[in-house]
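Below: model.cif (mmCIF, C-alpha atoms; chains and numbers go by the auth columns)
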```cif
data_my_file
#
loop_
_atom_site.group_PDB
_atom_site.id
_atom_site.type_symbol
_atom_site.label_atom_id
_atom_site.label_comp_id
_atom_site.label_asym_id
_atom_site.label_seq_id
_atom_site.Cartn_x
_atom_site.Cartn_y
_atom_site.Cartn_z
_atom_site.B_iso_or_equiv
_atom_site.auth_seq_id
_atom_site.auth_asym_id
ATOM 1 C CA MET A 1 -6.593 32.129 -21.110 0.00 1 A
ATOM 2 C CA LEU A 2 -6.371 32.769 -17.370 0.00 2 A
ATOM 3 C CA THR A 3 -10.152 32.447 -16.898 0.00 3 A
ATOM 4 C CA LEU A 4 -10.161 29.097 -18.715 0.00 4 A
ATOM 5 C CA HIS A 5 -7.168 27.928 -16.664 0.00 5 A
ATOM 6 C CA VAL A 6 -8.777 28.854 -13.330 0.00 6 A
ATOM 7 C CA THR A 7 -12.116 27.294 -14.300 0.00 7 A
ATOM 8 C CA VAL A 8 -10.436 24.041 -15.290 0.00 8 A
ATOM 9 C CA CYS A 9 -8.456 24.123 -12.019 0.00 9 A
ATOM 10 C CA PHE A 10 -11.685 24.197 -10.011 0.00 10 A
ATOM 11 C CA ILE A 11 -13.106 21.319 -12.077 0.00 11 A
ATOM 12 C CA ALA A 12 -9.919 19.296 -11.473 0.00 12 A
ATOM 13 C CA LEU A 13 -10.081 20.004 -7.725 0.00 13 A
ATOM 14 C CA LEU A 14 -13.732 18.924 -7.533 0.00 14 A
ATOM 15 C CA ALA A 15 -13.137 15.790 -9.619 0.00 15 A
ATOM 16 C CA GLY A 16 -10.055 14.992 -7.544 0.00 16 A
ATOM 17 C CA ALA A 17 -11.999 15.251 -4.293 0.00 17 A
ATOM 18 C CA LEU A 18 -14.742 12.963 -5.600 0.00 18 A
ATOM 19 C CA VAL A 19 -12.269 10.395 -6.941 0.00 19 A
ATOM 20 C CA LEU A 20 -10.251 10.340 -3.710 0.00 20 A
ATOM 21 C CA ILE A 21 -13.382 10.031 -1.570 0.00 21 A
ATOM 22 C CA ALA A 22 -14.408 7.019 -3.658 0.00 22 A
ATOM 23 C CA LEU A 23 -10.934 5.448 -3.480 0.00 23 A
ATOM 24 C CA TRP A 24 -10.891 6.074 0.286 0.00 24 A
ATOM 25 C CA GLY A 25 -14.067 3.986 0.467 0.00 25 A
ATOM 26 C CA GLY A 26 -12.738 1.215 -1.779 0.00 26 A
ATOM 27 C CA ARG A 27 -14.854 2.314 -4.742 0.00 27 A
ATOM 28 C CA ARG A 28 -14.317 3.907 -8.112 0.00 28 A
ATOM 29 C CA GLN A 29 -15.977 6.790 -9.936 0.00 29 A
ATOM 30 C CA PRO A 30 -15.170 6.086 -13.615 0.00 30 A
ATOM 31 C CA THR A 31 -16.791 9.252 -14.976 0.00 31 A
ATOM 32 C CA TRP A 32 -15.095 11.483 -12.419 0.00 32 A
ATOM 33 C CA GLU A 33 -11.796 9.661 -12.999 0.00 33 A
ATOM 34 C CA ALA A 34 -11.984 10.605 -16.681 0.00 34 A
ATOM 35 C CA VAL A 35 -12.921 14.198 -15.785 0.00 35 A
ATOM 36 C CA LEU A 36 -9.995 14.343 -13.345 0.00 36 A
ATOM 37 C CA LEU A 37 -7.466 13.049 -15.867 0.00 37 A
ATOM 38 C CA LEU A 38 -8.693 15.345 -18.643 0.00 38 A
ATOM 39 C CA SER A 39 -9.037 18.457 -16.482 0.00 39 A
ATOM 40 C CA THR A 40 -5.636 17.935 -14.842 0.00 40 A
ATOM 41 C CA ALA A 41 -4.005 17.613 -18.259 0.00 41 A
ATOM 42 C CA LEU A 42 -5.819 20.780 -19.363 0.00 42 A
ATOM 43 C CA VAL A 43 -4.683 22.634 -16.228 0.00 43 A
ATOM 44 C CA CYS A 44 -1.091 21.839 -17.143 0.00 44 A
ATOM 45 C CA LEU A 45 -1.492 22.686 -20.812 0.00 45 A
ATOM 46 C CA THR A 46 -3.341 25.967 -20.187 0.00 46 A
ATOM 47 C CA GLY A 47 -0.779 26.923 -17.539 0.00 47 A
ATOM 48 C CA PHE A 48 2.224 26.738 -19.863 0.00 48 A
ATOM 49 C CA PRO A 49 1.323 29.857 -21.918 0.00 49 A
ATOM 50 C CA LEU A 50 0.697 32.004 -18.815 0.00 50 A
ATOM 51 C CA ALA A 51 3.410 34.559 -18.094 0.00 51 A
ATOM 52 C CA SER A 52 5.912 33.820 -15.361 0.00 52 A
ATOM 53 C CA PRO A 53 6.468 36.427 -12.648 0.00 53 A
ATOM 54 C CA PRO A 54 9.440 38.732 -13.340 0.00 54 A
ATOM 55 C CA GLY A 55 12.727 37.352 -12.084 0.00 55 A
ATOM 56 C CA THR A 56 11.533 33.730 -12.178 0.00 56 A
ATOM 57 C CA PRO A 57 14.263 31.309 -13.290 0.00 57 A
ATOM 58 C CA THR A 58 13.822 29.430 -16.549 0.00 58 A
ATOM 59 C CA PRO A 59 12.439 26.838 -16.582 0.00 59 A
ATOM 60 C CA ASP A 60 10.287 28.040 -13.727 0.00 60 A
ATOM 61 C CA PRO A 61 8.922 25.762 -10.978 0.00 61 A
ATOM 62 C CA ALA A 62 5.336 26.008 -12.271 0.00 62 A
ATOM 63 C CA ARG A 63 6.307 24.643 -15.682 0.00 63 A
ATOM 64 C CA ILE A 64 8.462 21.903 -14.150 0.00 64 A
ATOM 65 C CA LEU A 65 5.521 20.866 -11.965 0.00 65 A
ATOM 66 C CA GLY A 66 3.250 20.999 -15.027 0.00 66 A
ATOM 67 C CA VAL A 67 5.487 18.593 -16.939 0.00 67 A
ATOM 68 C CA MET A 68 5.724 16.277 -13.930 0.00 68 A
ATOM 69 C CA GLU A 69 1.957 16.310 -13.543 0.00 69 A
ATOM 70 C CA LEU A 70 1.395 15.551 -17.234 0.00 70 A
ATOM 71 C CA VAL A 71 3.673 12.510 -16.913 0.00 71 A
ATOM 72 C CA ILE A 72 1.723 11.381 -13.830 0.00 72 A
ATOM 73 C CA VAL A 73 -1.607 11.805 -15.654 0.00 73 A
ATOM 74 C CA VAL A 74 -0.311 9.718 -18.572 0.00 74 A
ATOM 75 C CA ILE A 75 0.794 6.984 -16.152 0.00 75 A
ATOM 76 C CA ALA A 76 -2.609 7.010 -14.421 0.00 76 A
ATOM 77 C CA ALA A 77 -4.396 6.853 -17.773 0.00 77 A
ATOM 78 C CA LEU A 78 -2.210 3.934 -18.891 0.00 78 A
ATOM 79 C CA ALA A 79 -2.913 2.081 -15.642 0.00 79 A
ATOM 80 C CA LEU A 80 -6.647 2.675 -15.985 0.00 80 A
ATOM 81 C CA TYR A 81 -7.313 2.350 -19.706 0.00 81 A
ATOM 82 C CA VAL A 82 -4.500 0.033 -20.865 0.00 82 A
ATOM 83 C CA GLY A 83 -3.693 -1.971 -17.732 0.00 83 A
ATOM 84 C CA HIS A 84 -7.368 -2.049 -16.593 0.00 84 A
ATOM 85 C CA LEU A 85 -6.098 -1.802 -12.990 0.00 85 A
ATOM 86 C CA ALA A 86 -4.970 -5.426 -13.159 0.00 86 A
ATOM 87 C CA GLY A 87 -2.122 -6.536 -10.911 0.00 87 A
ATOM 88 C CA ALA A 88 0.492 -3.867 -10.279 0.00 88 A
ATOM 89 C CA TRP A 89 -1.440 -1.368 -12.416 0.00 89 A
ATOM 90 C CA ARG A 90 -3.905 -0.876 -9.529 0.00 90 A
ATOM 91 C CA GLY A 91 -1.202 0.359 -7.161 0.00 91 A
ATOM 92 C CA ILE A 92 0.412 2.451 -9.880 0.00 92 A
ATOM 93 C CA TYR A 93 -2.982 4.021 -10.607 0.00 93 A
ATOM 94 C CA ILE A 94 -3.694 4.850 -6.960 0.00 94 A
ATOM 95 C CA VAL A 95 -0.269 6.404 -6.427 0.00 95 A
ATOM 96 C CA ALA A 96 -0.534 8.410 -9.662 0.00 96 A
ATOM 97 C CA ILE A 97 -4.056 9.672 -8.916 0.00 97 A
ATOM 98 C CA VAL A 98 -3.158 10.678 -5.354 0.00 98 A
ATOM 99 C CA LEU A 99 -0.042 12.474 -6.642 0.00 99 A
ATOM 100 C CA ALA A 100 -1.972 14.269 -9.384 0.00 100 A
ATOM 101 C CA VAL A 101 -4.609 15.523 -6.953 0.00 101 A
ATOM 102 C CA TYR A 102 -1.927 16.408 -4.390 0.00 102 A
ATOM 103 C CA PHE A 103 -0.108 18.557 -6.950 0.00 103 A
ATOM 104 C CA ASN A 104 -3.387 20.319 -7.817 0.00 104 A
ATOM 105 C CA VAL A 105 -4.037 21.017 -4.137 0.00 105 A
ATOM 106 C CA PHE A 106 -0.405 22.029 -3.528 0.00 106 A
ATOM 107 C CA VAL A 107 -0.771 24.700 -6.217 0.00 107 A
ATOM 108 C CA ALA A 108 -4.195 25.744 -4.873 0.00 108 A
ATOM 109 C CA VAL A 109 -2.697 26.277 -1.398 0.00 109 A
ATOM 110 C CA ALA A 110 0.207 28.250 -2.872 0.00 110 A
ATOM 111 C CA GLN A 111 -2.210 30.388 -4.921 0.00 111 A
ATOM 112 C CA ALA A 112 -4.394 30.947 -1.859 0.00 112 A
ATOM 113 C CA PHE A 113 -1.400 32.364 0.028 0.00 113 A
ATOM 114 C CA LEU A 114 -0.591 34.593 -2.955 0.00 114 A
ATOM 115 C CA LYS A 115 -4.107 35.847 -3.735 0.00 115 A
ATOM 116 C CA ILE A 116 -6.121 35.838 -0.490 0.00 116 A
ATOM 117 C CA GLY A 117 -5.278 38.919 1.567 0.00 117 A
ATOM 118 C CA PHE A 118 -5.337 37.530 5.091 0.00 118 A
ATOM 119 C CA LEU A 119 -3.334 34.436 4.080 0.00 119 A
ATOM 120 C CA HIS A 120 -0.865 36.551 2.132 0.00 120 A
ATOM 121 C CA ALA A 121 -0.315 38.647 5.252 0.00 121 A
ATOM 122 C CA PHE A 122 0.825 35.502 7.095 0.00 122 A
ATOM 123 C CA ALA A 123 3.277 34.471 4.368 0.00 123 A
ATOM 124 C CA PRO A 124 4.050 37.251 1.873 0.00 124 A
ATOM 125 C CA THR A 125 7.042 35.451 0.324 0.00 125 A
ATOM 126 C CA GLY A 126 5.777 31.877 0.621 0.00 126 A
ATOM 127 C CA LYS A 127 8.728 30.955 2.809 0.00 127 A
ATOM 128 C CA GLU A 128 7.232 31.775 6.210 0.00 128 A
ATOM 129 C CA PRO A 129 6.164 29.117 8.754 0.00 129 A
ATOM 130 C CA PRO A 130 2.368 29.421 8.115 0.00 130 A
ATOM 131 C CA PHE A 131 2.854 28.566 4.433 0.00 131 A
ATOM 132 C CA LEU A 132 5.237 25.714 5.223 0.00 132 A
ATOM 133 C CA ILE A 133 2.883 24.349 7.896 0.00 133 A
ATOM 134 C CA ALA A 134 -0.073 24.501 5.496 0.00 134 A
ATOM 135 C CA GLN A 135 1.893 22.620 2.838 0.00 135 A
ATOM 136 C CA LEU A 136 3.173 20.020 5.326 0.00 136 A
ATOM 137 C CA LEU A 137 -0.369 19.415 6.603 0.00 137 A
ATOM 138 C CA THR A 138 -1.535 19.047 3.004 0.00 138 A
ATOM 139 C CA LEU A 139 1.235 16.539 2.309 0.00 139 A
ATOM 140 C CA ALA A 140 0.430 14.577 5.486 0.00 140 A
ATOM 141 C CA LEU A 141 -3.257 14.452 4.532 0.00 141 A
ATOM 142 C CA PHE A 142 -2.424 13.076 1.091 0.00 142 A
ATOM 143 C CA VAL A 143 -0.046 10.466 2.517 0.00 143 A
ATOM 144 C CA VAL A 144 -2.877 9.243 4.776 0.00 144 A
ATOM 145 C CA ILE A 145 -5.339 9.265 1.863 0.00 145 A
ATOM 146 C CA GLY A 146 -2.895 7.415 -0.379 0.00 146 A
ATOM 147 C CA VAL A 147 -2.000 4.731 2.158 0.00 147 A
ATOM 148 C CA THR A 148 -5.645 4.189 3.076 0.00 148 A
ATOM 149 C CA ALA A 149 -6.776 4.070 -0.559 0.00 149 A
ATOM 150 C CA PHE A 150 -3.972 1.643 -1.386 0.00 150 A
ATOM 151 C CA LYS A 151 -4.958 -0.676 1.483 0.00 151 A
ATOM 152 C CA ARG A 152 -8.668 -0.541 0.696 0.00 152 A
ATOM 153 C CA ASN A 153 -8.280 -1.154 -3.033 0.00 153 A
ATOM 154 C CA ARG A 154 -6.179 -4.307 -3.185 0.00 154 A
ATOM 155 C CA GLY A 155 -9.040 -6.573 -4.323 0.00 155 A
ATOM 156 C CA ASN A 156 -10.363 -7.302 -7.783 0.00 156 A
ATOM 157 C CA THR A 157 -12.091 -4.586 -9.781 0.00 157 A
ATOM 158 C CA VAL A 158 -15.746 -5.476 -10.301 0.00 158 A
ATOM 159 C CA ASN A 159 -18.355 -3.161 -11.888 0.00 159 A
ATOM 160 C CA GLY A 160 -16.669 0.078 -10.873 0.00 160 A
ATOM 161 C CA THR A 161 -15.955 -1.073 -7.334 0.00 161 A
ATOM 162 C CA MET A 162 -12.824 -2.494 -5.877 0.00 162 A
ATOM 163 C CA SER A 163 -13.623 -5.573 -3.860 0.00 163 A
ATOM 164 C CA ARG A 164 -12.128 -5.799 -0.398 0.00 164 A
ATOM 165 C CA ALA A 165 -12.577 -9.581 -0.289 0.00 165 A
ATOM 166 C CA ALA A 166 -9.076 -10.288 -1.575 0.00 166 A
ATOM 167 C CA SER A 167 -7.489 -8.026 1.020 0.00 167 A
ATOM 168 C CA GLY A 168 -9.384 -9.409 3.987 0.00 168 A
ATOM 169 C CA THR A 169 -10.649 -5.989 5.100 0.00 169 A
#
```
Translate this structure into structure tokens?
Amino acid sequence: MLTLHVTVCFIALLAGALVLIALWGGRRQPTWEAVLLLSTALVCLTGFPLASPPGTPTPDPARILGVMELVIVVIAALALYVGHLAGAWRGIYIVAIVLAVYFNVFVAVAQAFLKIGFLHAFAPTGKEPPFLIAQLLTLALFVVIGVTAFKRNRGNTVNGTMSRAASGT
């Protein structure tokens, strides 16, 4: 189960990067959006059966984050496939997608500090300044991506692109 979970995590990270790069440029990647939504849901679902570290409170933070991320993926899917990114659905979609990818990256950074020797040496408990700085920089990056994507994608959706004509940019 762990191998499947990690593989799907890497797919979600790749799809997330491609989707955010497109949104940053005022475009869409419909195939990668579907891959992102599906793989992120699978990351959450395959993560639930994995054992929690000893002494972890119940429910543990990983499972709470997994539930939150599933809700965000459902909201993004509703905005995309039911709301067709019309009106307020476009903003809801962008916020949900940026949050979903941010959560995936947040976990990837946390796992990197747990599993990669030289990073683990800087923050063995995950409470040290290097870990906190890495997570704050990650958050700041995603705020910039989200704000920029939101500004660049205010126009009408046409053939997989988001026109900038309506926003004047």
To one decimal place, how far is atom CA of A:His5 from atom CA of A:Thr46 in Å?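 Separation of atom CA of A:His5 and atom CA of A:Thr46: 5.6 Å.
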Considering all atoms listed in the file, can you say which of A:Glu69, A:Leu50, A:Tyr102, A:Arg90 comes closest to A:Val143?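 Among the listed residues, the smallest separation from A:Val143 belongs to A:Tyr102.
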Smallest atom-to-atom distance to A:Glu33: which of A:Ile64, A:Val82, A:Ile94, A:Ala51, using all atoms listed in the file? A:Ile94
What's the 8 Å shell around A:Trp24, counting only C-alpha atoms, without same-chain residues fewer than 5 positions away, as an MDAnalysis selection string? chainID A and resid 145 148:149 152
Interatomic distance, atom CA of A:Phe142 to atom CA of A:Ala96 (Å, one decimal):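 These atoms are spaced 11.9 Å apart.
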What are the centre and the three edge lengths of an axis-aligned box that wraps all atoms of stretch 82-90 of chain A in the file, given that 3 Å is added to every side, written as lines of an AutoDock Vina configuration file and rounded to one decimal in Å?
```
center_x = -3.4
center_y = -3.3
center_z = -15.2
size_x = 13.9
size_y = 12.6
size_z = 17.3
```
